[in-house]
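Text of query_24.pdb, listed as PDB, N, CA and C atoms, pLDDT in the B column:
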```pdb
MODEL        1
ATOM      1  N   MET A   1       0.841  -1.172   0.000  1.00 55.00           N
ATOM      2  CA  MET A   1       0.000   0.000   0.000  1.00 55.00           C
ATOM      3  C   MET A   1       0.893   1.245   0.000  1.00 55.00           C
ATOM      4  N   THR A   2       0.569   2.213  -0.837  1.00 63.00           N
ATOM      5  CA  THR A   2       1.370   3.429  -0.956  1.00 63.00           C
ATOM      6  C   THR A   2       0.681   4.592  -0.259  1.00 63.00           C
ATOM      7  N   PRO A   3       1.431   5.673   0.034  1.00 58.00           N
ATOM      8  CA  PRO A   3       0.793   6.845   0.647  1.00 58.00           C
ATOM      9  C   PRO A   3      -0.366   7.383  -0.183  1.00 58.00           C
ATOM     10  N   SER A   4      -0.297   7.234  -1.505  1.00 72.00           N
ATOM     11  CA  SER A   4      -1.387   7.739  -2.344  1.00 72.00           C
ATOM     12  C   SER A   4      -2.681   6.952  -2.159  1.00 72.00           C
ATOM     13  N   ASP A   5      -2.602   5.744  -1.595  1.00 90.00           N
ATOM     14  CA  ASP A   5      -3.805   4.959  -1.294  1.00 90.00           C
ATOM     15  C   ASP A   5      -4.554   5.518  -0.081  1.00 90.00           C
ATOM     16  N   HIS A   6      -3.900   6.335   0.700  1.00 95.00           N
ATOM     17  CA  HIS A   6      -4.471   6.854   1.942  1.00 95.00           C
ATOM     18  C   HIS A   6      -5.191   8.177   1.689  1.00 95.00           C
ATOM     19  N   MET A   7      -6.335   8.078   1.041  1.00 95.00           N
ATOM     20  CA  MET A   7      -7.172   9.232   0.729  1.00 95.00           C
ATOM     21  C   MET A   7      -8.412   9.210   1.621  1.00 95.00           C
ATOM     22  N   HIS A   8      -9.079  10.352   1.702  1.00 95.00           N
ATOM     23  CA  HIS A   8     -10.267  10.443   2.550  1.00 95.00           C
ATOM     24  C   HIS A   8     -11.497   9.879   1.838  1.00 95.00           C
ATOM     25  N   GLU A   9     -12.411   9.425   2.643  1.00 94.00           N
ATOM     26  CA  GLU A   9     -13.711   8.932   2.180  1.00 94.00           C
ATOM     27  C   GLU A   9     -14.765   9.875   2.717  1.00 94.00           C
ATOM     28  N   ARG A  10     -15.492  10.508   1.819  1.00 93.00           N
ATOM     29  CA  ARG A  10     -16.539  11.443   2.243  1.00 93.00           C
ATOM     30  C   ARG A  10     -17.845  10.696   2.417  1.00 93.00           C
ATOM     31  N   PRO A  11     -18.688  11.070   3.318  1.00 91.00           N
ATOM     32  CA  PRO A  11     -18.639  12.244   4.173  1.00 91.00           C
ATOM     33  C   PRO A  11     -18.015  11.999   5.543  1.00 91.00           C
ATOM     34  N   GLN A  12     -17.529  10.798   5.822  1.00 90.00           N
ATOM     35  CA  GLN A  12     -16.982  10.510   7.153  1.00 90.00           C
ATOM     36  C   GLN A  12     -15.595  11.104   7.371  1.00 90.00           C
ATOM     37  N   TRP A  13     -14.833  11.279   6.318  1.00 94.00           N
ATOM     38  CA  TRP A  13     -13.469  11.786   6.378  1.00 94.00           C
ATOM     39  C   TRP A  13     -12.531  10.840   7.122  1.00 94.00           C
ATOM     40  N   ASP A  14     -12.753   9.551   6.911  1.00 95.00           N
ATOM     41  CA  ASP A  14     -11.817   8.538   7.381  1.00 95.00           C
ATOM     42  C   ASP A  14     -10.989   8.081   6.189  1.00 95.00           C
ATOM     43  N   CYS A  15      -9.817   7.542   6.457  1.00 97.00           N
ATOM     44  CA  CYS A  15      -8.925   7.070   5.409  1.00 97.00           C
ATOM     45  C   CYS A  15      -9.506   5.826   4.754  1.00 97.00           C
ATOM     46  N   ARG A  16      -9.493   5.792   3.438  1.00 95.00           N
ATOM     47  CA  ARG A  16     -10.001   4.633   2.693  1.00 95.00           C
ATOM     48  C   ARG A  16      -9.156   3.390   2.922  1.00 95.00           C
ATOM     49  N   ALA A  17      -7.855   3.574   3.153  1.00 95.00           N
ATOM     50  CA  ALA A  17      -6.947   2.438   3.264  1.00 95.00           C
ATOM     51  C   ALA A  17      -6.883   1.852   4.670  1.00 95.00           C
ATOM     52  N   CYS A  18      -6.799   2.717   5.690  1.00 96.00           N
ATOM     53  CA  CYS A  18      -6.586   2.201   7.047  1.00 96.00           C
ATOM     54  C   CYS A  18      -7.744   2.478   7.999  1.00 96.00           C
ATOM     55  N   GLY A  19      -8.692   3.327   7.613  1.00 96.00           N
ATOM     56  CA  GLY A  19      -9.855   3.605   8.445  1.00 96.00           C
ATOM     57  C   GLY A  19      -9.640   4.634   9.543  1.00 96.00           C
ATOM     58  N   LEU A  20      -8.436   5.151   9.673  1.00 96.00           N
ATOM     59  CA  LEU A  20      -8.177   6.182  10.690  1.00 96.00           C
ATOM     60  C   LEU A  20      -8.705   7.525  10.211  1.00 96.00           C
ATOM     61  N   PRO A  21      -8.919   8.469  11.136  1.00 96.00           N
ATOM     62  CA  PRO A  21      -9.330   9.809  10.708  1.00 96.00           C
ATOM     63  C   PRO A  21      -8.299  10.387   9.735  1.00 96.00           C
ATOM     64  N   TRP A  22      -8.799  10.924   8.626  1.00 97.00           N
ATOM     65  CA  TRP A  22      -7.913  11.485   7.608  1.00 97.00           C
ATOM     66  C   TRP A  22      -7.603  12.927   7.929  1.00 97.00           C
ATOM     67  N   PRO A  23      -6.394  13.386   7.752  1.00 97.00           N
ATOM     68  CA  PRO A  23      -5.237  12.680   7.224  1.00 97.00           C
ATOM     69  C   PRO A  23      -4.579  11.779   8.270  1.00 97.00           C
ATOM     70  N   CYS A  24      -4.492  10.513   7.932  1.00 97.00           N
ATOM     71  CA  CYS A  24      -3.877   9.519   8.812  1.00 97.00           C
ATOM     72  C   CYS A  24      -2.356   9.717   8.795  1.00 97.00           C
ATOM     73  N   PRO A  25      -1.618   9.046   9.659  1.00 96.00           N
ATOM     74  CA  PRO A  25      -0.160   9.222   9.677  1.00 96.00           C
ATOM     75  C   PRO A  25       0.511   8.952   8.319  1.00 96.00           C
ATOM     76  N   THR A  26       0.043   7.958   7.589  1.00 95.00           N
ATOM     77  CA  THR A  26       0.635   7.667   6.279  1.00 95.00           C
ATOM     78  C   THR A  26       0.332   8.776   5.290  1.00 95.00           C
ATOM     79  N   ALA A  27      -0.894   9.291   5.305  1.00 96.00           N
ATOM     80  CA  ALA A  27      -1.252  10.400   4.422  1.00 96.00           C
ATOM     81  C   ALA A  27      -0.442  11.642   4.781  1.00 96.00           C
ATOM     82  N   ARG A  28      -0.258  11.897   6.056  1.00 96.00           N
ATOM     83  CA  ARG A  28       0.527  13.058   6.484  1.00 96.00           C
ATOM     84  C   ARG A  28       1.958  12.970   5.958  1.00 96.00           C
ATOM     85  N   ALA A  29       2.561  11.796   6.112  1.00 95.00           N
ATOM     86  CA  ALA A  29       3.939  11.615   5.626  1.00 95.00           C
ATOM     87  C   ALA A  29       4.006  11.824   4.118  1.00 95.00           C
ATOM     88  N   GLY A  30       3.047  11.287   3.395  1.00 94.00           N
ATOM     89  CA  GLY A  30       3.024  11.458   1.947  1.00 94.00           C
ATOM     90  C   GLY A  30       2.817  12.903   1.540  1.00 94.00           C
ATOM     91  N   LEU A  31       1.942  13.610   2.235  1.00 95.00           N
ATOM     92  CA  LEU A  31       1.697  15.016   1.930  1.00 95.00           C
ATOM     93  C   LEU A  31       2.919  15.875   2.235  1.00 95.00           C
ATOM     94  N   LEU A  32       3.586  15.599   3.351  1.00 95.00           N
ATOM     95  CA  LEU A  32       4.806  16.342   3.678  1.00 95.00           C
ATOM     96  C   LEU A  32       5.870  16.140   2.604  1.00 95.00           C
ATOM     97  N   GLU A  33       5.970  14.933   2.103  1.00 95.00           N
ATOM     98  CA  GLU A  33       6.935  14.649   1.034  1.00 95.00           C
ATOM     99  C   GLU A  33       6.520  15.339  -0.263  1.00 95.00           C
ATOM    100  N   GLU A  34       5.259  15.214  -0.620  1.00 94.00           N
ATOM    101  CA  GLU A  34       4.765  15.785  -1.870  1.00 94.00           C
ATOM    102  C   GLU A  34       4.912  17.307  -1.911  1.00 94.00           C
ATOM    103  N   TYR A  35       4.648  17.967  -0.788  1.00 96.00           N
ATOM    104  CA  TYR A  35       4.683  19.426  -0.719  1.00 96.00           C
ATOM    105  C   TYR A  35       5.956  19.949  -0.050  1.00 96.00           C
ATOM    106  N   ARG A  36       6.982  19.131   0.024  1.00 94.00           N
ATOM    107  CA  ARG A  36       8.210  19.489   0.740  1.00 94.00           C
ATOM    108  C   ARG A  36       8.749  20.859   0.325  1.00 94.00           C
ATOM    109  N   GLY A  37       8.761  21.156  -0.937  1.00 95.00           N
ATOM    110  CA  GLY A  37       9.276  22.429  -1.405  1.00 95.00           C
ATOM    111  C   GLY A  37       8.264  23.555  -1.410  1.00 95.00           C
ATOM    112  N   PHE A  38       7.004  23.231  -1.052  1.00 95.00           N
ATOM    113  CA  PHE A  38       5.923  24.221  -1.125  1.00 95.00           C
ATOM    114  C   PHE A  38       5.033  24.147   0.116  1.00 95.00           C
ATOM    115  N   PRO A  39       5.587  24.427   1.303  1.00 95.00           N
ATOM    116  CA  PRO A  39       4.809  24.266   2.540  1.00 95.00           C
ATOM    117  C   PRO A  39       3.570  25.159   2.596  1.00 95.00           C
ATOM    118  N   SER A  40       3.624  26.329   1.979  1.00 95.00           N
ATOM    119  CA  SER A  40       2.436  27.192   2.005  1.00 95.00           C
ATOM    120  C   SER A  40       1.308  26.578   1.173  1.00 95.00           C
ATOM    121  N   LEU A  41       1.644  25.899   0.080  1.00 97.00           N
ATOM    122  CA  LEU A  41       0.608  25.237  -0.719  1.00 97.00           C
ATOM    123  C   LEU A  41      -0.008  24.056   0.036  1.00 97.00           C
ATOM    124  N   LEU A  42       0.800  23.377   0.844  1.00 97.00           N
ATOM    125  CA  LEU A  42       0.262  22.293   1.673  1.00 97.00           C
ATOM    126  C   LEU A  42      -0.782  22.849   2.632  1.00 97.00           C
ATOM    127  N   LYS A  43      -0.500  23.980   3.228  1.00 96.00           N
ATOM    128  CA  LYS A  43      -1.456  24.579   4.170  1.00 96.00           C
ATOM    129  C   LYS A  43      -2.729  25.035   3.463  1.00 96.00           C
ATOM    130  N   VAL A  44      -2.602  25.553   2.249  1.00 97.00           N
ATOM    131  CA  VAL A  44      -3.792  25.933   1.473  1.00 97.00           C
ATOM    132  C   VAL A  44      -4.623  24.685   1.163  1.00 97.00           C
ATOM    133  N   TYR A  45      -3.964  23.629   0.704  1.00 97.00           N
ATOM    134  CA  TYR A  45      -4.661  22.376   0.393  1.00 97.00           C
ATOM    135  C   TYR A  45      -5.369  21.823   1.634  1.00 97.00           C
ATOM    136  N   LEU A  46      -4.654  21.765   2.744  1.00 97.00           N
ATOM    137  CA  LEU A  46      -5.239  21.220   3.972  1.00 97.00           C
ATOM    138  C   LEU A  46      -6.375  22.091   4.500  1.00 97.00           C
ATOM    139  N   SER A  47      -6.260  23.396   4.352  1.00 97.00           N
ATOM    140  CA  SER A  47      -7.345  24.297   4.775  1.00 97.00           C
ATOM    141  C   SER A  47      -8.603  24.035   3.961  1.00 97.00           C
ATOM    142  N   THR A  48      -8.431  23.862   2.665  1.00 97.00           N
ATOM    143  CA  THR A  48      -9.575  23.566   1.796  1.00 97.00           C
ATOM    144  C   THR A  48     -10.221  22.242   2.198  1.00 97.00           C
ATOM    145  N   GLN A  49      -9.397  21.239   2.449  1.00 97.00           N
ATOM    146  CA  GLN A  49      -9.926  19.938   2.873  1.00 97.00           C
ATOM    147  C   GLN A  49     -10.642  20.051   4.215  1.00 97.00           C
ATOM    148  N   MET A  50     -10.083  20.845   5.128  1.00 96.00           N
ATOM    149  CA  MET A  50     -10.689  21.017   6.447  1.00 96.00           C
ATOM    150  C   MET A  50     -12.089  21.635   6.330  1.00 96.00           C
ATOM    151  N   TYR A  51     -12.228  22.650   5.484  1.00 95.00           N
ATOM    152  CA  TYR A  51     -13.537  23.281   5.341  1.00 95.00           C
ATOM    153  C   TYR A  51     -14.529  22.366   4.625  1.00 95.00           C
ATOM    154  N   ASP A  52     -14.075  21.547   3.696  1.00 96.00           N
ATOM    155  CA  ASP A  52     -14.958  20.556   3.085  1.00 96.00           C
ATOM    156  C   ASP A  52     -15.412  19.540   4.135  1.00 96.00           C
ATOM    157  N   ALA A  53     -14.484  19.106   4.978  1.00 95.00           N
ATOM    158  CA  ALA A  53     -14.831  18.158   6.043  1.00 95.00           C
ATOM    159  C   ALA A  53     -15.812  18.787   7.018  1.00 95.00           C
ATOM    160  N   LEU A  54     -15.595  20.037   7.364  1.00 94.00           N
ATOM    161  CA  LEU A  54     -16.502  20.728   8.282  1.00 94.00           C
ATOM    162  C   LEU A  54     -17.908  20.789   7.701  1.00 94.00           C
ATOM    163  N   ASP A  55     -18.021  21.127   6.421  1.00 94.00           N
ATOM    164  CA  ASP A  55     -19.336  21.143   5.769  1.00 94.00           C
ATOM    165  C   ASP A  55     -20.004  19.774   5.850  1.00 94.00           C
ATOM    166  N   ASP A  56     -19.250  18.714   5.562  1.00 93.00           N
ATOM    167  CA  ASP A  56     -19.811  17.362   5.621  1.00 93.00           C
ATOM    168  C   ASP A  56     -20.242  16.996   7.034  1.00 93.00           C
ATOM    169  N   MET A  57     -19.426  17.367   8.019  1.00 91.00           N
ATOM    170  CA  MET A  57     -19.709  16.995   9.403  1.00 91.00           C
ATOM    171  C   MET A  57     -20.857  17.805  10.005  1.00 91.00           C
ATOM    172  N   LEU A  58     -21.122  18.982   9.452  1.00 92.00           N
ATOM    173  CA  LEU A  58     -22.237  19.803   9.940  1.00 92.00           C
ATOM    174  C   LEU A  58     -23.557  19.466   9.249  1.00 92.00           C
ATOM    175  N   ALA A  59     -23.506  18.656   8.223  1.00 90.00           N
ATOM    176  CA  ALA A  59     -24.700  18.331   7.450  1.00 90.00           C
ATOM    177  C   ALA A  59     -25.781  17.675   8.306  1.00 90.00           C
ATOM    178  N   ASP A  60     -25.392  16.970   9.351  1.00 81.00           N
ATOM    179  CA  ASP A  60     -26.384  16.309  10.207  1.00 81.00           C
ATOM    180  C   ASP A  60     -26.893  17.215  11.320  1.00 81.00           C
ATOM    181  N   GLY A  61     -26.437  18.475  11.353  1.00 84.00           N
ATOM    182  CA  GLY A  61     -26.921  19.429  12.338  1.00 84.00           C
ATOM    183  C   GLY A  61     -26.208  19.381  13.673  1.00 84.00           C
ATOM    184  N   GLY A  62     -25.112  18.646  13.769  1.00 81.00           N
ATOM    185  CA  GLY A  62     -24.373  18.549  15.021  1.00 81.00           C
ATOM    186  C   GLY A  62     -23.539  19.787  15.288  1.00 81.00           C
ATOM    187  N   ALA A  63     -22.920  19.801  16.442  1.00 83.00           N
ATOM    188  CA  ALA A  63     -22.044  20.911  16.818  1.00 83.00           C
ATOM    189  C   ALA A  63     -20.788  20.871  15.954  1.00 83.00           C
ATOM    190  N   PRO A  64     -20.265  22.034  15.600  1.00 82.00           N
ATOM    191  CA  PRO A  64     -19.060  22.040  14.758  1.00 82.00           C
ATOM    192  C   PRO A  64     -17.847  21.504  15.514  1.00 82.00           C
ATOM    193  N   PRO A  65     -17.158  20.542  14.926  1.00 86.00           N
ATOM    194  CA  PRO A  65     -15.960  19.998  15.572  1.00 86.00           C
ATOM    195  C   PRO A  65     -14.770  20.932  15.362  1.00 86.00           C
ATOM    196  N   ASN A  66     -13.793  20.858  16.251  1.00 91.00           N
ATOM    197  CA  ASN A  66     -12.555  21.597  16.079  1.00 91.00           C
ATOM    198  C   ASN A  66     -11.620  20.722  15.251  1.00 91.00           C
ATOM    199  N   LEU A  67     -11.381  21.106  14.019  1.00 94.00           N
ATOM    200  CA  LEU A  67     -10.597  20.297  13.100  1.00 94.00           C
ATOM    201  C   LEU A  67      -9.176  20.821  12.889  1.00 94.00           C
ATOM    202  N   TYR A  68      -8.804  21.893  13.558  1.00 95.00           N
ATOM    203  CA  TYR A  68      -7.487  22.489  13.337  1.00 95.00           C
ATOM    204  C   TYR A  68      -6.358  21.495  13.609  1.00 95.00           C
ATOM    205  N   ASP A  69      -6.382  20.843  14.767  1.00 94.00           N
ATOM    206  CA  ASP A  69      -5.305  19.906  15.096  1.00 94.00           C
ATOM    207  C   ASP A  69      -5.226  18.772  14.082  1.00 94.00           C
ATOM    208  N   ARG A  70      -6.361  18.289  13.672  1.00 95.00           N
ATOM    209  CA  ARG A  70      -6.413  17.165  12.735  1.00 95.00           C
ATOM    210  C   ARG A  70      -5.871  17.540  11.359  1.00 95.00           C
ATOM    211  N   PHE A  71      -6.212  18.726  10.865  1.00 96.00           N
ATOM    212  CA  PHE A  71      -5.881  19.080   9.496  1.00 96.00           C
ATOM    213  C   PHE A  71      -4.669  19.992   9.341  1.00 96.00           C
ATOM    214  N   LEU A  72      -4.386  20.848  10.298  1.00 95.00           N
ATOM    215  CA  LEU A  72      -3.360  21.870  10.067  1.00 95.00           C
ATOM    216  C   LEU A  72      -2.211  21.896  11.064  1.00 95.00           C
ATOM    217  N   ALA A  73      -2.457  21.644  12.321  1.00 95.00           N
ATOM    218  CA  ALA A  73      -1.415  21.841  13.341  1.00 95.00           C
ATOM    219  C   ALA A  73      -0.169  21.019  13.056  1.00 95.00           C
ATOM    220  N   TRP A  74      -0.305  19.821  12.576  1.00 95.00           N
ATOM    221  CA  TRP A  74       0.841  18.956  12.337  1.00 95.00           C
ATOM    222  C   TRP A  74       1.709  19.442  11.181  1.00 95.00           C
ATOM    223  N   ALA A  75       1.155  20.249  10.291  1.00 91.00           N
ATOM    224  CA  ALA A  75       1.904  20.718   9.119  1.00 91.00           C
ATOM    225  C   ALA A  75       2.532  22.085   9.363  1.00 91.00           C
ATOM    226  N   ARG A  76       2.359  22.627  10.534  1.00 79.00           N
ATOM    227  CA  ARG A  76       2.857  23.965  10.849  1.00 79.00           C
ATOM    228  C   ARG A  76       4.354  23.983  11.072  1.00 79.00           C
ATOM    229  N   ASN A  77       4.993  24.970  10.494  1.00 61.00           N
ATOM    230  CA  ASN A  77       6.407  25.237  10.738  1.00 61.00           C
ATOM    231  C   ASN A  77       7.315  24.019  10.555  1.00 61.00           C
ATOM    232  N   ARG A  78       7.034  23.231   9.555  1.00 54.00           N
ATOM    233  CA  ARG A  78       7.910  22.100   9.244  1.00 54.00           C
ATOM    234  C   ARG A  78       9.097  22.616   8.430  1.00 54.00           C
ATOM    235  N   PRO A  79      10.303  22.308   8.855  1.00 53.00           N
ATOM    236  CA  PRO A  79      11.454  22.760   8.064  1.00 53.00           C
ATOM    237  C   PRO A  79      11.510  22.003   6.744  1.00 53.00           C
ATOM    238  N   ASP A  80      11.979  22.684   5.714  1.00 51.00           N
ATOM    239  CA  ASP A  80      12.148  22.027   4.420  1.00 51.00           C
ATOM    240  C   ASP A  80      13.287  21.013   4.533  1.00 51.00           C
ATOM    241  N   ALA A  81      13.124  19.922   3.846  1.00 46.00           N
ATOM    242  CA  ALA A  81      14.198  18.925   3.808  1.00 46.00           C
ATOM    243  C   ALA A  81      15.324  19.438   2.920  1.00 46.00           C
ATOM    244  N   PRO A  82      16.551  19.073   3.216  1.00 42.00           N
ATOM    245  CA  PRO A  82      17.679  19.550   2.402  1.00 42.00           C
ATOM    246  C   PRO A  82      17.628  19.006   0.991  1.00 42.00           C
TER     247      PRO A  82
ENDMDL
END
```

Same coordinates, now as structure tokens:
Amino acid sequence: MTPSDHMHERPQWDCRACGLPWPCPTARAGLLEEYRGFPSLLKVYLSTQMYDALDDMLADGGAPPNLYDRFLAWARNRPDAP
């Protein structure tokens, strides 16, 4: 199984490959590698995904979840690889 297999499944936003909340650890590692030279684009991508997830999760009328840690905090201030 490759990092590209670890994509989200809507509307639950769990990983299709491992079932963990997306982005799962494998997806995170793959995204960090893919966007290594473009950390600001990674944050834009993750922000967009976070707001899509929020829309899906609010569709049932529940309280809005705090998704910052899940989608963005782990990608903050990562140094570029040499």

Pick from A:Leu54, A:Met7, A:Leu20, A:Leu42, whichever lies nearest to Ala73 (chain A) using only C-alpha atoms: A:Leu42

Residue neighbourhood Trp13 (chain A), 8 Å, all atoms listed in the file, exclusion window fewer than 2 positions, as a VMD selection string: chain A and resid 7 to 11 15 to 16 19 to 23 53 56 to 57

Neighbour list for Leu32 (chain A) as a PyMOL selection string, cut-off 10 Å, only C-alpha atoms, skip fewer than 3 positions in-chain: chain A and resi 26-29+35-39+42+74-75+78+80-81

Please write the residues from the selection above to a file, keeping N, CA and C atoms, as a compact mmCIF listing (two decimals), in the coordinates of the input.
```txt
# COMPACT_ATOMS: atom_id res chain seq x y z
N THR A 26 0.04 7.96 7.59
CA THR A 26 0.64 7.67 6.28
C THR A 26 0.33 8.78 5.29
N ALA A 27 -0.89 9.29 5.30
CA ALA A 27 -1.25 10.40 4.42
C ALA A 27 -0.44 11.64 4.78
N ARG A 28 -0.26 11.90 6.06
CA ARG A 28 0.53 13.06 6.48
C ARG A 28 1.96 12.97 5.96
N ALA A 29 2.56 11.80 6.11
CA ALA A 29 3.94 11.62 5.63
C ALA A 29 4.01 11.82 4.12
N TYR A 35 4.65 17.97 -0.79
CA TYR A 35 4.68 19.43 -0.72
C TYR A 35 5.96 19.95 -0.05
N ARG A 36 6.98 19.13 0.02
CA ARG A 36 8.21 19.49 0.74
C ARG A 36 8.75 20.86 0.32
N GLY A 37 8.76 21.16 -0.94
CA GLY A 37 9.28 22.43 -1.40
C GLY A 37 8.26 23.56 -1.41
N PHE A 38 7.00 23.23 -1.05
CA PHE A 38 5.92 24.22 -1.12
C PHE A 38 5.03 24.15 0.12
N PRO A 39 5.59 24.43 1.30
CA PRO A 39 4.81 24.27 2.54
C PRO A 39 3.57 25.16 2.60
N LEU A 42 0.80 23.38 0.84
CA LEU A 42 0.26 22.29 1.67
C LEU A 42 -0.78 22.85 2.63
N TRP A 74 -0.30 19.82 12.58
CA TRP A 74 0.84 18.96 12.34
C TRP A 74 1.71 19.44 11.18
N ALA A 75 1.16 20.25 10.29
CA ALA A 75 1.90 20.72 9.12
C ALA A 75 2.53 22.08 9.36
N ARG A 78 7.03 23.23 9.56
CA ARG A 78 7.91 22.10 9.24
C ARG A 78 9.10 22.62 8.43
N ASP A 80 11.98 22.68 5.71
CA ASP A 80 12.15 22.03 4.42
C ASP A 80 13.29 21.01 4.53
N ALA A 81 13.12 19.92 3.85
CA ALA A 81 14.20 18.92 3.81
C ALA A 81 15.32 19.44 2.92
```

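Between atom C of Leu41 (chain A) and atom N of Asp69 (chain A) lies a distance of 16.4 Å.
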
Alpha helix (DSSP H) call set, DSSP backbone run, chain A, as a VMD selection string: chain A and resid 25 to 34 39 to 58 68 to 71

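Interatomic distance, CA of Met50 (chain A) against atom N of Cys18 (chain A): 18.7 Å.
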
Interatomic distance, CA of Pro25 (chain A) to CA of Asp60 (chain A) (Å, one decimal):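 Calculated distance between CA of Pro25 (chain A) and CA of Asp60 (chain A) is 27.2 Å.
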
Please write C-alpha atoms of region 33-67 of chain A, from the structure given just now, as a PDB file, in the first residue's frame.
```
ATOM      1  CA  GLU A  33       6.935  14.649   1.034  1.00  0.00           C
ATOM      2  CA  GLU A  34       4.765  15.785  -1.870  1.00  0.00           C
ATOM      3  CA  TYR A  35       4.683  19.426  -0.719  1.00  0.00           C
ATOM      4  CA  ARG A  36       8.210  19.489   0.740  1.00  0.00           C
ATOM      5  CA  GLY A  37       9.276  22.429  -1.405  1.00  0.00           C
ATOM      6  CA  PHE A  38       5.923  24.221  -1.125  1.00  0.00           C
ATOM      7  CA  PRO A  39       4.809  24.266   2.540  1.00  0.00           C
ATOM      8  CA  SER A  40       2.436  27.192   2.005  1.00  0.00           C
ATOM      9  CA  LEU A  41       0.608  25.237  -0.719  1.00  0.00           C
ATOM     10  CA  LEU A  42       0.262  22.293   1.673  1.00  0.00           C
ATOM     11  CA  LYS A  43      -1.456  24.579   4.170  1.00  0.00           C
ATOM     12  CA  VAL A  44      -3.792  25.933   1.473  1.00  0.00           C
ATOM     13  CA  TYR A  45      -4.661  22.376   0.393  1.00  0.00           C
ATOM     14  CA  LEU A  46      -5.239  21.220   3.972  1.00  0.00           C
ATOM     15  CA  SER A  47      -7.345  24.297   4.775  1.00  0.00           C
ATOM     16  CA  THR A  48      -9.575  23.566   1.796  1.00  0.00           C
ATOM     17  CA  GLN A  49      -9.926  19.938   2.873  1.00  0.00           C
ATOM     18  CA  MET A  50     -10.689  21.017   6.447  1.00  0.00           C
ATOM     19  CA  TYR A  51     -13.537  23.281   5.341  1.00  0.00           C
ATOM     20  CA  ASP A  52     -14.958  20.556   3.085  1.00  0.00           C
ATOM     21  CA  ALA A  53     -14.831  18.158   6.043  1.00  0.00           C
ATOM     22  CA  LEU A  54     -16.502  20.728   8.282  1.00  0.00           C
ATOM     23  CA  ASP A  55     -19.336  21.143   5.769  1.00  0.00           C
ATOM     24  CA  ASP A  56     -19.811  17.362   5.621  1.00  0.00           C
ATOM     25  CA  MET A  57     -19.709  16.995   9.403  1.00  0.00           C
ATOM     26  CA  LEU A  58     -22.237  19.803   9.940  1.00  0.00           C
ATOM     27  CA  ALA A  59     -24.700  18.331   7.450  1.00  0.00           C
ATOM     28  CA  ASP A  60     -26.384  16.309  10.207  1.00  0.00           C
ATOM     29  CA  GLY A  61     -26.921  19.429  12.338  1.00  0.00           C
ATOM     30  CA  GLY A  62     -24.373  18.549  15.021  1.00  0.00           C
ATOM     31  CA  ALA A  63     -22.044  20.911  16.818  1.00  0.00           C
ATOM     32  CA  PRO A  64     -19.060  22.040  14.758  1.00  0.00           C
ATOM     33  CA  PRO A  65     -15.960  19.998  15.572  1.00  0.00           C
ATOM     34  CA  ASN A  66     -12.555  21.597  16.079  1.00  0.00           C
ATOM     35  CA  LEU A  67     -10.597  20.297  13.100  1.00  0.00           C
TER      36      LEU A  67
END
```
